[in-house]
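Asker: Here it is, the structure, as structure tokens.
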Number of protein chains: 2
Amino acid sequence: MGSEQKLPTVIAQMWGRKPVSRRGPSPGLTLGRITDVAIEIADAEGLAGVRMSSVAARLGVSTMSLYGYVTSKDDLLTAMVDAAAPDPPEPGTLTWREYLALWARANRDFLSGHPWLLEVSPLTPPTGPRTLRWLDRALTVLAGAGLAAAEAINITSTLSAYAVSAATLQSAMSGTVDEAGPEGLAGYTALLTQLVDASSYPGLAAALESGAFGAAPDWVEEADFTFGLTLLLDGIEALIARRKETEP
Amino acid sequence: MGSEQKLPTVIAQMWGRKPVSRRGPSPGLTLGRITDVAIEIADAEGLAGVRMSSVAARLGVSTMSLYGYVTSKDDLLTAMVDAAAPDPPEPGTLTWREYLALWARANRDFLSGHPWLLEVSPLTPPTGPRTLRWLDRALTVLAGAGLAAAEAINITSTLSAYAVSAATLQSAMSGTVDEAGPEGLAGYTALLTQLVDASSYPGLAAALESGAFGAAPDWVEEADFTFGLTLLLDGIEALIARRKETEP
DNA sequence: AAGATATAGTGTATCTCGTACGGAGTTAGA
DNA sequence: TCTAACTCCGTACGAGATACACTATATCTT
């Protein structure tokens, strides 16, 4: 078949497809070690802390030696995203609905645990072994529920978008009080209160007045997440019912 | 009530709240002119083309004079995002469902029209007059349908995430054949075919085999969008029905 | 063994950008 | 007229990514 395309370098590396050569000194590092360290830095200092130099320093090598493992910093980021993804939950004996709920929640949770992921194009199609496993699990479960592959793909990406949206909100609203103040939910509410007048923004003004933007402790956020998720799953359930009807 | 917080500079500027002073020469530029030019550049060359120097050059001023209007490049980006948003569709006599469908589609369309928006934290809460108008319209319509403000907010952010997700997919999949090839849907499919084996990724392998990733002309993408949107709207409809039931 | 050759790691040099700083010209109010 | 507030600009600095050339090393070939 010979349809072997040359894989982009990072991708080959993420999948452990290095053209293992025997000549010369053996590599002192692994892409895995590099991404691990980079992830540690990103978790601790944010994405801005991840510099080729800082990563190299923590590994005890020179900056330039990293370029033996990645072709650019972008490559490193791509590899980090995949490496940061945990294993997806196991379907076990769960129903499709239970599993997808679990999947979406776990998805959001690991995004929340690594907020910098949200800054690295969080919605682009997955290409690494770990992120693809997430996709695979969801597709498998949905196929088992009787949906066509195209439908399953669509649903998965919608759920994933929902998880990203929730994680982003969460991260934006829990804003650490860094600089000039108006970060976080309280600051946001104050901001809107100042800017929004009822004649131009009737809907917003009403929402502000009703306190819907009010302080949201963790459990409320959790309730919000469940609320939207239920909406989505209801829609999916309706679709599955329709499909079952058509061809039982 | 004197609770006047000092607004962050960009935000004040976006809302036209400059402490108009009379001394000195009058400004030769406007934040609006600056963002317009910056948006032109971003549309033409991508976000990377937007440099303080390139923007200034196109305006015929020195790089540093921009700092009289924005306090940093980040500020400029924030202002660009708001300026790039068109007016949201008018509710007119549409039902809530028709309107939200229109809203989501229009949302996705303007993101697709300015792909660089997807690189600038597309899911953070809106702070500009234009993006807030989008939020306002959706809230108004949902309130009219009988939902509580908190519910409406949640729904809006989910719909918005869906639009972002669709735009991102579209932009990733229509990948201009730039560099080393494997961009776009065809490339992505080829990539997966090479990487995915049926034992580790059964769901993906099946989807690939069924051709669900196959070439998707525009109309198919449109159908996909409608498909997922229907899912969401169905969920919302069920919720509204429940609410109506409870307190008619 | 003795090359020959491919590879890993490093130091230095660039290049691109954002932005701090200080100065010069400008206009309205005192 | 003097001065304060302000706009705009030129220059300088510094951060950070990466190209390049070089050295050291380990394996393969003869």
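By order in the structure tokens, chains are A, B, ...; within a chain, residues start at 1; ligands start at 1, following the order shown.
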With 8 Å as the cut-off and only C-alpha atoms (C1' of nucleotides) counted, what is the closest atom pair between each nearby residue of chain D and chain A? Distances in Å to one decimal, ordered by chain and number, as JSON lines.
Answerer:
```
{"residue": "D:DG16", "atom": "C1'", "partner": "A:Arg51", "partner_atom": "CA", "distance": 7.6}
{"residue": "D:DA17", "atom": "C1'", "partner": "A:Met52", "partner_atom": "CA", "distance": 7.9}
{"residue": "D:DT25", "atom": "C1'", "partner": "A:Pro25", "partner_atom": "CA", "distance": 5.3}
{"residue": "D:DA26", "atom": "C1'", "partner": "A:Gly24", "partner_atom": "CA", "distance": 4.2}
{"residue": "D:DT27", "atom": "C1'", "partner": "A:Arg23", "partner_atom": "CA", "distance": 4.6}
{"residue": "D:DC28", "atom": "C1'", "partner": "A:Arg23", "partner_atom": "CA", "distance": 7.8}
```
Asker: Using only N, CA and C atoms (P, O5', C5', C4', C3', O3' and C1' of nucleotides), please write the residues we just selected to a file, as a tab-separated table (two decimals), in the first residue's frame.
Answerer:
```
chain	number	residue	atom	x	y	z
D	16	DG	P	11.65	35.55	29.32
D	16	DG	O5'	11.59	34.85	27.90
D	16	DG	C5'	10.67	35.35	26.94
D	16	DG	C4'	11.00	34.81	25.58
D	16	DG	C3'	11.56	33.37	25.56
D	16	DG	O3'	10.86	32.64	24.59
D	16	DG	C1'	12.93	34.80	24.30
D	17	DA	P	10.89	31.06	24.59
D	17	DA	O5'	11.11	30.81	23.03
D	17	DA	C5'	10.20	31.40	22.12
D	17	DA	C4'	10.80	31.41	20.73
D	17	DA	C3'	11.32	30.06	20.23
D	17	DA	O3'	10.92	29.88	18.88
D	17	DA	C1'	13.06	31.67	20.15
D	25	DT	P	33.60	12.40	24.83
D	25	DT	O5'	32.56	11.45	24.10
D	25	DT	C5'	31.16	11.65	24.31
D	25	DT	C4'	30.40	10.71	23.40
D	25	DT	C3'	30.93	9.28	23.38
D	25	DT	O3'	29.82	8.41	23.56
D	25	DT	C1'	30.64	10.06	21.19
D	26	DA	P	30.04	7.05	24.43
D	26	DA	O5'	29.32	6.02	23.46
D	26	DA	C5'	28.00	6.29	23.02
D	26	DA	C4'	27.82	5.78	21.60
D	26	DA	C3'	28.24	4.32	21.41
D	26	DA	O3'	27.14	3.63	20.86
D	26	DA	C1'	29.13	5.68	19.69
D	27	DT	P	27.03	2.06	21.10
D	27	DT	O5'	27.02	1.52	19.61
D	27	DT	C5'	25.97	1.91	18.75
D	27	DT	C4'	26.45	1.98	17.33
D	27	DT	C3'	26.83	0.63	16.69
D	27	DT	O3'	25.81	0.30	15.77
D	27	DT	C1'	28.29	2.39	16.04
D	28	DC	P	25.92	-1.09	14.97
D	28	DC	O5'	26.61	-0.62	13.61
D	28	DC	C5'	25.96	0.35	12.78
D	28	DC	C4'	26.76	0.54	11.51
D	28	DC	C3'	27.12	-0.78	10.81
D	28	DC	O3'	26.93	-0.62	9.40
D	28	DC	C1'	29.10	0.42	11.31
```
Asker: Assign secondary structure with DSSP using the backbone only, and return the residues of segment 79-197 of chain B in helix (DSSP H, G or I) as a PyMOL selection string.
Answerer: chain B and resi 79-84+96-113+115-119+129-144+149-173+184-195
Asker: Can you write out the residues you just picked, keeping C-alpha atoms, as an mmCIF file, in the first residue's frame?
Answerer:
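And here is the file that came out, out_6.cif:
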```
data_model
loop_
_atom_site.group_PDB
_atom_site.id
_atom_site.type_symbol
_atom_site.label_atom_id
_atom_site.label_comp_id
_atom_site.auth_asym_id
_atom_site.auth_seq_id
_atom_site.Cartn_x
_atom_site.Cartn_y
_atom_site.Cartn_z
ATOM 1 C CA ALA B 79 -10.309 45.721 22.132
ATOM 2 C CA MET B 80 -9.971 43.959 18.777
ATOM 3 C CA VAL B 81 -12.170 41.111 19.900
ATOM 4 C CA ASP B 82 -14.963 43.438 20.803
ATOM 5 C CA ALA B 83 -14.595 45.578 17.725
ATOM 6 C CA ALA B 84 -14.688 42.533 15.467
ATOM 7 C CA TRP B 96 -37.021 31.856 21.186
ATOM 8 C CA ARG B 97 -36.006 28.741 19.340
ATOM 9 C CA GLU B 98 -35.735 30.417 15.968
ATOM 10 C CA TYR B 99 -33.826 33.250 17.498
ATOM 11 C CA LEU B 100 -31.306 31.137 19.343
ATOM 12 C CA ALA B 101 -30.690 29.115 16.203
ATOM 13 C CA LEU B 102 -30.043 32.307 14.320
ATOM 14 C CA TRP B 103 -27.909 33.660 17.127
ATOM 15 C CA ALA B 104 -25.719 30.584 17.298
ATOM 16 C CA ARG B 105 -25.280 30.452 13.561
ATOM 17 C CA ALA B 106 -24.412 34.124 13.325
ATOM 18 C CA ASN B 107 -22.021 33.667 16.192
ATOM 19 C CA ARG B 108 -20.230 30.875 14.438
ATOM 20 C CA ASP B 109 -20.209 32.779 11.178
ATOM 21 C CA PHE B 110 -18.407 35.774 12.502
ATOM 22 C CA LEU B 111 -15.888 33.586 14.246
ATOM 23 C CA SER B 112 -15.283 31.778 10.981
ATOM 24 C CA GLY B 113 -14.874 35.081 9.274
ATOM 25 C CA PRO B 115 -10.340 32.868 12.553
ATOM 26 C CA TRP B 116 -7.812 34.692 14.677
ATOM 27 C CA LEU B 117 -10.575 35.287 17.207
ATOM 28 C CA LEU B 118 -10.285 31.622 18.046
ATOM 29 C CA GLU B 119 -6.718 32.125 19.170
ATOM 30 C CA PRO B 129 -20.155 46.844 24.457
ATOM 31 C CA ARG B 130 -20.555 44.720 21.368
ATOM 32 C CA THR B 131 -19.901 41.272 22.774
ATOM 33 C CA LEU B 132 -22.073 42.105 25.743
ATOM 34 C CA ARG B 133 -24.866 42.960 23.374
ATOM 35 C CA TRP B 134 -24.764 39.404 22.088
ATOM 36 C CA LEU B 135 -25.059 38.122 25.590
ATOM 37 C CA ASP B 136 -27.869 40.541 26.305
ATOM 38 C CA ARG B 137 -29.962 39.501 23.334
ATOM 39 C CA ALA B 138 -29.800 35.849 24.238
ATOM 40 C CA LEU B 139 -30.642 36.517 27.860
ATOM 41 C CA THR B 140 -33.582 38.674 26.903
ATOM 42 C CA VAL B 141 -35.032 36.048 24.644
ATOM 43 C CA LEU B 142 -34.562 33.275 27.165
ATOM 44 C CA ALA B 143 -36.083 35.340 29.931
ATOM 45 C CA GLY B 144 -39.030 35.892 27.645
ATOM 46 C CA ALA B 149 -31.546 34.310 34.736
ATOM 47 C CA ALA B 150 -29.062 31.760 36.032
ATOM 48 C CA GLU B 151 -30.402 29.175 33.632
ATOM 49 C CA ALA B 152 -30.293 31.591 30.767
ATOM 50 C CA ILE B 153 -26.697 32.455 31.457
ATOM 51 C CA ASN B 154 -25.736 28.850 31.511
ATOM 52 C CA ILE B 155 -27.524 28.106 28.289
ATOM 53 C CA THR B 156 -26.028 31.082 26.556
ATOM 54 C CA SER B 157 -22.538 30.122 27.459
ATOM 55 C CA THR B 158 -23.146 26.596 26.254
ATOM 56 C CA LEU B 159 -24.485 27.797 22.930
ATOM 57 C CA SER B 160 -21.556 30.098 22.610
ATOM 58 C CA ALA B 161 -19.153 27.275 23.299
ATOM 59 C CA TYR B 162 -20.885 25.272 20.634
ATOM 60 C CA ALA B 163 -20.396 28.052 18.128
ATOM 61 C CA VAL B 164 -16.738 28.290 19.021
ATOM 62 C CA SER B 165 -16.326 24.585 18.714
ATOM 63 C CA ALA B 166 -17.940 24.531 15.300
ATOM 64 C CA ALA B 167 -15.857 27.440 14.078
ATOM 65 C CA THR B 168 -12.699 25.836 15.371
ATOM 66 C CA LEU B 169 -13.429 22.575 13.664
ATOM 67 C CA GLN B 170 -14.285 24.331 10.475
ATOM 68 C CA SER B 171 -11.128 26.343 10.564
ATOM 69 C CA ALA B 172 -8.977 23.341 11.424
ATOM 70 C CA MET B 173 -10.539 21.160 8.798
ATOM 71 C CA GLY B 184 -7.114 19.960 6.787
ATOM 72 C CA LEU B 185 -9.658 17.210 6.963
ATOM 73 C CA ALA B 186 -8.059 14.980 4.363
ATOM 74 C CA GLY B 187 -4.733 15.192 6.102
ATOM 75 C CA TYR B 188 -6.294 14.565 9.472
ATOM 76 C CA THR B 189 -8.066 11.469 8.221
ATOM 77 C CA ALA B 190 -4.863 10.197 6.668
ATOM 78 C CA LEU B 191 -3.057 10.849 9.920
ATOM 79 C CA LEU B 192 -5.533 8.918 11.993
ATOM 80 C CA THR B 193 -5.552 6.050 9.550
ATOM 81 C CA GLN B 194 -1.845 5.701 10.033
ATOM 82 C CA LEU B 195 -1.834 5.989 13.794
#
```
Asker: Out of A:Val37, A:Leu208, A:Asp43, A:Gly60, which residue has the shortest atom-to-atom distance to chain C when counting only C-alpha atoms (C1' of nucleotides)?
Answerer: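 Nearest candidate to chain C out of A:Val37, A:Leu208, A:Asp43, A:Gly60: A:Gly60.
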Asker: Quick one: distance from atom CA of Ala206 of chain A to atom CA of Pro19 of chain B in Å, one decimal?
Answerer: 28.5 Å
Asker: Once chain B is superposed on chain A with a least-squares fit on all C-alpha pairs taken in order, can you show it as a compact mmCIF listing (two decimals) with C-alpha atoms, in the first residue's frame?
Answerer:
```txt
# COMPACT_ATOMS: atom_id res chain seq x y z
CA MET B 1 -0.18 -0.33 1.07
CA GLY B 2 2.76 2.02 0.98
CA SER B 3 0.57 5.03 1.63
CA GLU B 4 2.98 5.93 4.39
CA GLN B 5 2.85 9.67 4.66
CA LYS B 6 5.74 11.21 6.48
CA LEU B 7 4.29 12.05 9.87
CA PRO B 8 4.93 15.46 11.36
CA THR B 9 7.85 15.14 13.73
CA VAL B 10 6.09 15.76 17.02
CA ILE B 11 3.36 13.37 16.18
CA ALA B 12 5.79 10.63 15.34
CA GLN B 13 7.50 11.28 18.64
CA MET B 14 4.32 11.28 20.68
CA TRP B 15 3.50 7.90 19.28
CA GLY B 16 6.97 6.59 19.88
CA ARG B 17 7.81 6.21 16.24
CA LYS B 18 11.37 7.33 16.24
CA PRO B 19 13.48 5.80 13.44
CA VAL B 20 15.70 4.21 16.09
CA SER B 21 19.25 4.58 14.88
CA ARG B 22 22.26 3.04 16.51
CA ARG B 23 25.01 5.49 15.73
CA GLY B 24 26.23 8.13 18.08
CA PRO B 25 25.62 8.65 21.78
CA SER B 26 22.23 7.54 23.04
CA PRO B 27 19.83 10.35 23.87
CA GLY B 28 19.97 11.51 27.45
CA LEU B 29 16.37 12.62 27.49
CA THR B 30 12.94 11.55 26.41
CA LEU B 31 10.13 13.60 25.01
CA GLY B 32 8.22 12.31 28.00
CA ARG B 33 10.68 13.67 30.52
CA ILE B 34 10.66 17.00 28.73
CA THR B 35 6.90 17.33 28.64
CA ASP B 36 6.62 16.24 32.25
CA VAL B 37 8.91 19.00 33.35
CA ALA B 38 7.25 21.53 31.08
CA ILE B 39 3.87 20.59 32.52
CA GLU B 40 5.18 21.01 36.04
CA ILE B 41 6.29 24.49 35.17
CA ALA B 42 3.03 25.37 33.46
CA ASP B 43 1.07 24.14 36.45
CA ALA B 44 3.18 26.15 38.83
CA GLU B 45 3.81 29.37 36.94
CA GLY B 46 1.36 29.35 34.08
CA LEU B 47 2.07 29.01 30.43
CA ALA B 48 4.23 32.09 30.40
CA GLY B 49 6.70 30.32 32.65
CA VAL B 50 7.31 27.70 30.02
CA ARG B 51 10.36 28.86 28.11
CA MET B 52 12.74 26.69 26.24
CA SER B 53 15.38 27.96 28.62
CA SER B 54 13.40 27.30 31.80
CA VAL B 55 12.49 23.80 30.74
CA ALA B 56 16.07 23.01 29.79
CA ALA B 57 17.39 24.48 33.00
CA ARG B 58 15.16 22.30 35.11
CA LEU B 59 16.36 19.28 33.18
CA GLY B 60 19.95 20.26 33.67
CA VAL B 61 20.70 20.56 29.99
CA SER B 62 21.33 23.44 27.66
CA THR B 63 18.50 25.22 25.96
CA MET B 64 19.48 24.05 22.55
CA SER B 65 19.57 20.39 23.37
CA LEU B 66 15.79 20.42 23.54
CA TYR B 67 15.76 20.94 19.82
CA GLY B 68 16.99 17.42 19.41
CA TYR B 69 13.59 16.29 20.66
CA VAL B 70 11.22 18.93 19.37
CA THR B 71 11.45 21.00 16.28
CA SER B 72 9.94 24.10 17.85
CA LYS B 73 8.28 25.40 20.94
CA ASP B 74 4.92 24.87 19.31
CA ASP B 75 5.77 21.23 19.03
CA LEU B 76 6.54 21.14 22.69
CA LEU B 77 3.17 22.65 23.50
CA THR B 78 1.41 20.11 21.33
CA ALA B 79 3.19 17.30 23.09
CA MET B 80 2.40 18.84 26.48
CA VAL B 81 -1.30 18.88 25.75
CA ASP B 82 -1.34 15.21 25.03
CA ALA B 83 0.88 14.29 27.93
CA ALA B 84 -1.28 16.25 30.35
CA ALA B 85 -4.38 14.27 29.50
CA PRO B 86 -5.05 11.47 31.97
CA ASP B 87 -6.57 8.18 30.94
CA PRO B 88 -10.25 8.55 30.18
CA PRO B 89 -12.71 6.88 32.54
CA GLU B 90 -13.48 3.25 31.84
CA PRO B 91 -16.95 2.50 30.47
CA GLY B 92 -17.33 -0.58 32.65
CA THR B 93 -20.98 -1.43 32.95
CA LEU B 94 -22.26 2.10 32.73
CA THR B 95 -25.06 3.12 30.45
CA TRP B 96 -24.11 5.44 27.65
CA ARG B 97 -25.68 8.29 29.54
CA GLU B 98 -23.85 7.60 32.77
CA TYR B 99 -20.63 7.21 30.89
CA LEU B 100 -20.90 10.41 28.90
CA ALA B 101 -21.73 12.32 32.06
CA LEU B 102 -18.65 10.89 33.69
CA TRP B 103 -16.58 11.55 30.60
CA ALA B 104 -17.61 15.18 30.36
CA ARG B 105 -17.03 15.79 34.03
CA ALA B 106 -13.62 14.15 33.97
CA ASN B 107 -12.80 16.15 30.90
CA ARG B 108 -13.64 19.38 32.60
CA ASP B 109 -11.80 18.36 35.73
CA PHE B 110 -8.51 17.79 34.06
CA LEU B 111 -8.82 21.04 32.17
CA SER B 112 -9.48 22.81 35.45
CA GLY B 113 -6.48 21.12 36.92
CA HIS B 114 -4.24 22.48 34.17
CA PRO B 115 -5.72 25.87 33.30
CA TRP B 116 -2.96 26.57 30.82
CA LEU B 117 -4.51 23.93 28.57
CA LEU B 118 -7.25 26.43 27.90
CA GLU B 119 -4.76 28.81 26.38
CA VAL B 120 -3.41 26.27 23.93
CA SER B 121 -6.10 26.01 21.28
CA PRO B 122 -8.21 23.67 23.39
CA LEU B 123 -10.62 22.73 20.64
CA THR B 124 -8.39 21.61 17.83
CA PRO B 125 -8.74 17.99 16.79
CA PRO B 126 -6.68 15.61 18.91
CA THR B 127 -3.59 13.98 17.46
CA GLY B 128 -1.86 12.35 20.42
CA PRO B 129 -2.35 8.86 21.78
CA ARG B 130 -3.90 10.04 25.00
CA THR B 131 -6.31 12.66 23.72
CA LEU B 132 -7.35 10.30 20.96
CA ARG B 133 -8.18 7.72 23.57
CA TRP B 134 -10.72 10.11 25.03
CA LEU B 135 -12.28 10.52 21.65
CA ASP B 136 -12.24 6.78 21.11
CA ARG B 137 -14.03 5.97 24.34
CA ALA B 138 -16.85 8.35 23.63
CA LEU B 139 -17.26 7.10 20.09
CA THR B 140 -17.32 3.51 21.23
CA VAL B 141 -20.01 4.16 23.78
CA LEU B 142 -22.14 6.15 21.37
CA ALA B 143 -21.79 3.53 18.68
CA GLY B 144 -22.96 1.02 21.23
CA ALA B 145 -26.02 3.16 21.80
CA GLY B 146 -26.89 2.84 18.16
CA LEU B 147 -25.69 6.11 16.67
CA ALA B 148 -23.95 6.54 13.37
CA ALA B 149 -20.28 7.46 13.48
CA ALA B 150 -20.85 10.93 12.06
CA GLU B 151 -23.42 11.64 14.73
CA ALA B 152 -21.17 10.34 17.43
CA ILE B 153 -18.33 12.54 16.31
CA ASN B 154 -20.52 15.56 16.35
CA ILE B 155 -21.86 14.81 19.78
CA THR B 156 -18.44 14.17 21.18
CA SER B 157 -17.10 17.43 19.96
CA THR B 158 -20.07 19.25 21.41
CA LEU B 159 -19.61 17.62 24.79
CA SER B 160 -15.97 18.45 24.67
CA ALA B 161 -16.73 22.05 23.88
CA TYR B 162 -19.07 22.11 26.82
CA ALA B 163 -16.34 20.86 29.10
CA VAL B 164 -13.96 23.49 27.81
CA SER B 165 -16.54 26.17 28.27
CA ALA B 166 -17.21 25.12 31.84
CA ALA B 167 -13.53 24.95 32.67
CA THR B 168 -12.94 28.35 31.13
CA LEU B 169 -15.73 29.93 33.08
CA GLN B 170 -14.56 28.31 36.24
CA SER B 171 -11.04 29.48 35.71
CA ALA B 172 -12.11 33.00 34.78
CA MET B 173 -14.48 33.30 37.68
CA SER B 174 -12.25 31.97 40.37
CA GLY B 175 -9.80 34.60 39.22
CA THR B 176 -6.96 34.89 41.60
CA VAL B 177 -6.87 38.46 42.76
CA ASP B 178 -3.74 39.35 40.86
CA GLU B 179 -3.29 42.80 39.63
CA ALA B 180 -5.62 45.74 39.46
CA GLY B 181 -8.49 43.91 41.05
CA PRO B 182 -11.54 43.30 38.90
CA GLU B 183 -10.83 39.63 38.36
CA GLY B 184 -13.05 36.80 39.37
CA LEU B 185 -16.79 36.56 39.62
CA ALA B 186 -17.23 39.34 42.15
CA GLY B 187 -15.18 41.69 40.05
CA TYR B 188 -17.01 40.71 36.91
CA THR B 189 -20.37 41.36 38.51
CA ALA B 190 -19.18 44.72 39.78
CA LEU B 191 -17.91 45.54 36.32
CA LEU B 192 -21.17 44.75 34.63
CA THR B 193 -23.14 46.66 37.21
CA GLN B 194 -21.14 49.73 36.35
CA LEU B 195 -21.33 49.37 32.60
CA VAL B 196 -24.74 48.02 31.88
CA ASP B 197 -27.76 50.26 31.74
CA ALA B 198 -31.22 48.83 31.60
CA SER B 199 -32.28 50.58 28.43
CA SER B 200 -29.50 49.24 26.22
CA TYR B 201 -29.07 45.93 27.98
CA PRO B 202 -32.43 44.98 29.43
CA GLY B 203 -31.72 41.28 29.68
CA LEU B 204 -28.39 41.73 31.37
CA ALA B 205 -29.73 44.34 33.73
CA ALA B 206 -32.52 42.03 34.79
CA ALA B 207 -30.13 39.16 35.30
CA LEU B 208 -27.86 41.32 37.39
CA GLU B 209 -30.73 42.54 39.48
CA SER B 210 -31.99 39.05 40.11
CA GLY B 211 -28.61 38.20 41.53
CA ALA B 212 -28.04 35.42 39.01
CA PHE B 213 -24.44 36.52 38.76
CA GLY B 214 -24.13 36.44 42.52
CA ALA B 215 -21.39 34.67 44.36
CA ALA B 216 -21.21 31.09 43.23
CA PRO B 217 -19.60 28.71 45.67
CA ASP B 218 -18.23 25.48 44.35
CA TRP B 219 -21.36 23.49 44.77
CA VAL B 220 -23.32 25.98 42.75
CA GLU B 221 -20.84 25.73 39.94
CA GLU B 222 -21.19 22.00 40.11
CA ALA B 223 -24.93 22.35 39.88
CA ASP B 224 -24.55 24.64 36.90
CA PHE B 225 -22.40 22.11 35.17
CA THR B 226 -24.86 19.34 35.80
CA PHE B 227 -27.65 21.53 34.59
CA GLY B 228 -26.16 22.17 31.20
CA LEU B 229 -24.95 18.63 30.90
CA THR B 230 -28.44 17.34 31.49
CA LEU B 231 -29.62 19.56 28.69
CA LEU B 232 -27.14 18.03 26.32
CA LEU B 233 -27.76 14.49 27.41
CA ASP B 234 -31.50 14.97 27.08
CA GLY B 235 -31.00 16.01 23.52
CA ILE B 236 -28.83 13.00 22.83
CA GLU B 237 -31.30 10.71 24.52
CA ALA B 238 -34.08 11.98 22.29
CA LEU B 239 -31.95 11.29 19.25
CA ILE B 240 -31.10 7.79 20.37
CA ALA B 241 -34.75 7.08 21.02
CA ARG B 242 -35.59 8.24 17.51
CA ARG B 243 -32.92 5.97 16.03
CA LYS B 244 -34.13 2.99 18.01
CA GLU B 245 -37.62 3.63 16.77
CA THR B 246 -36.57 3.65 13.15
CA GLU B 247 -34.59 0.44 13.12
CA PRO B 248 -35.23 -1.70 16.14
```
Asker: Using only C-alpha atoms (C1' of nucleotides), I'd like every residue of chain C that has an atom within 12 Å of chain A; please write them out as a ChimeraX atom specification.
Answerer: /C:4-12
Asker: Could you please determine the separation between atom C1' of DT11 of chain D and atom C1' of DG25 of chain C in Å, to one decimal place?
Answerer: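 Result for atom C1' of DT11 of chain D versus atom C1' of DG25 of chain C: 17.8 Å, one decimal.
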Asker: Give me, as a PyMOL selection string, all polymer residues having an atom no more than 12 Å from DA12 of chain D, counting only C-alpha atoms (C1' of nucleotides) and skipping those fewer than 4 positions away in the same chain.
Answerer: chain C and resi 19-22
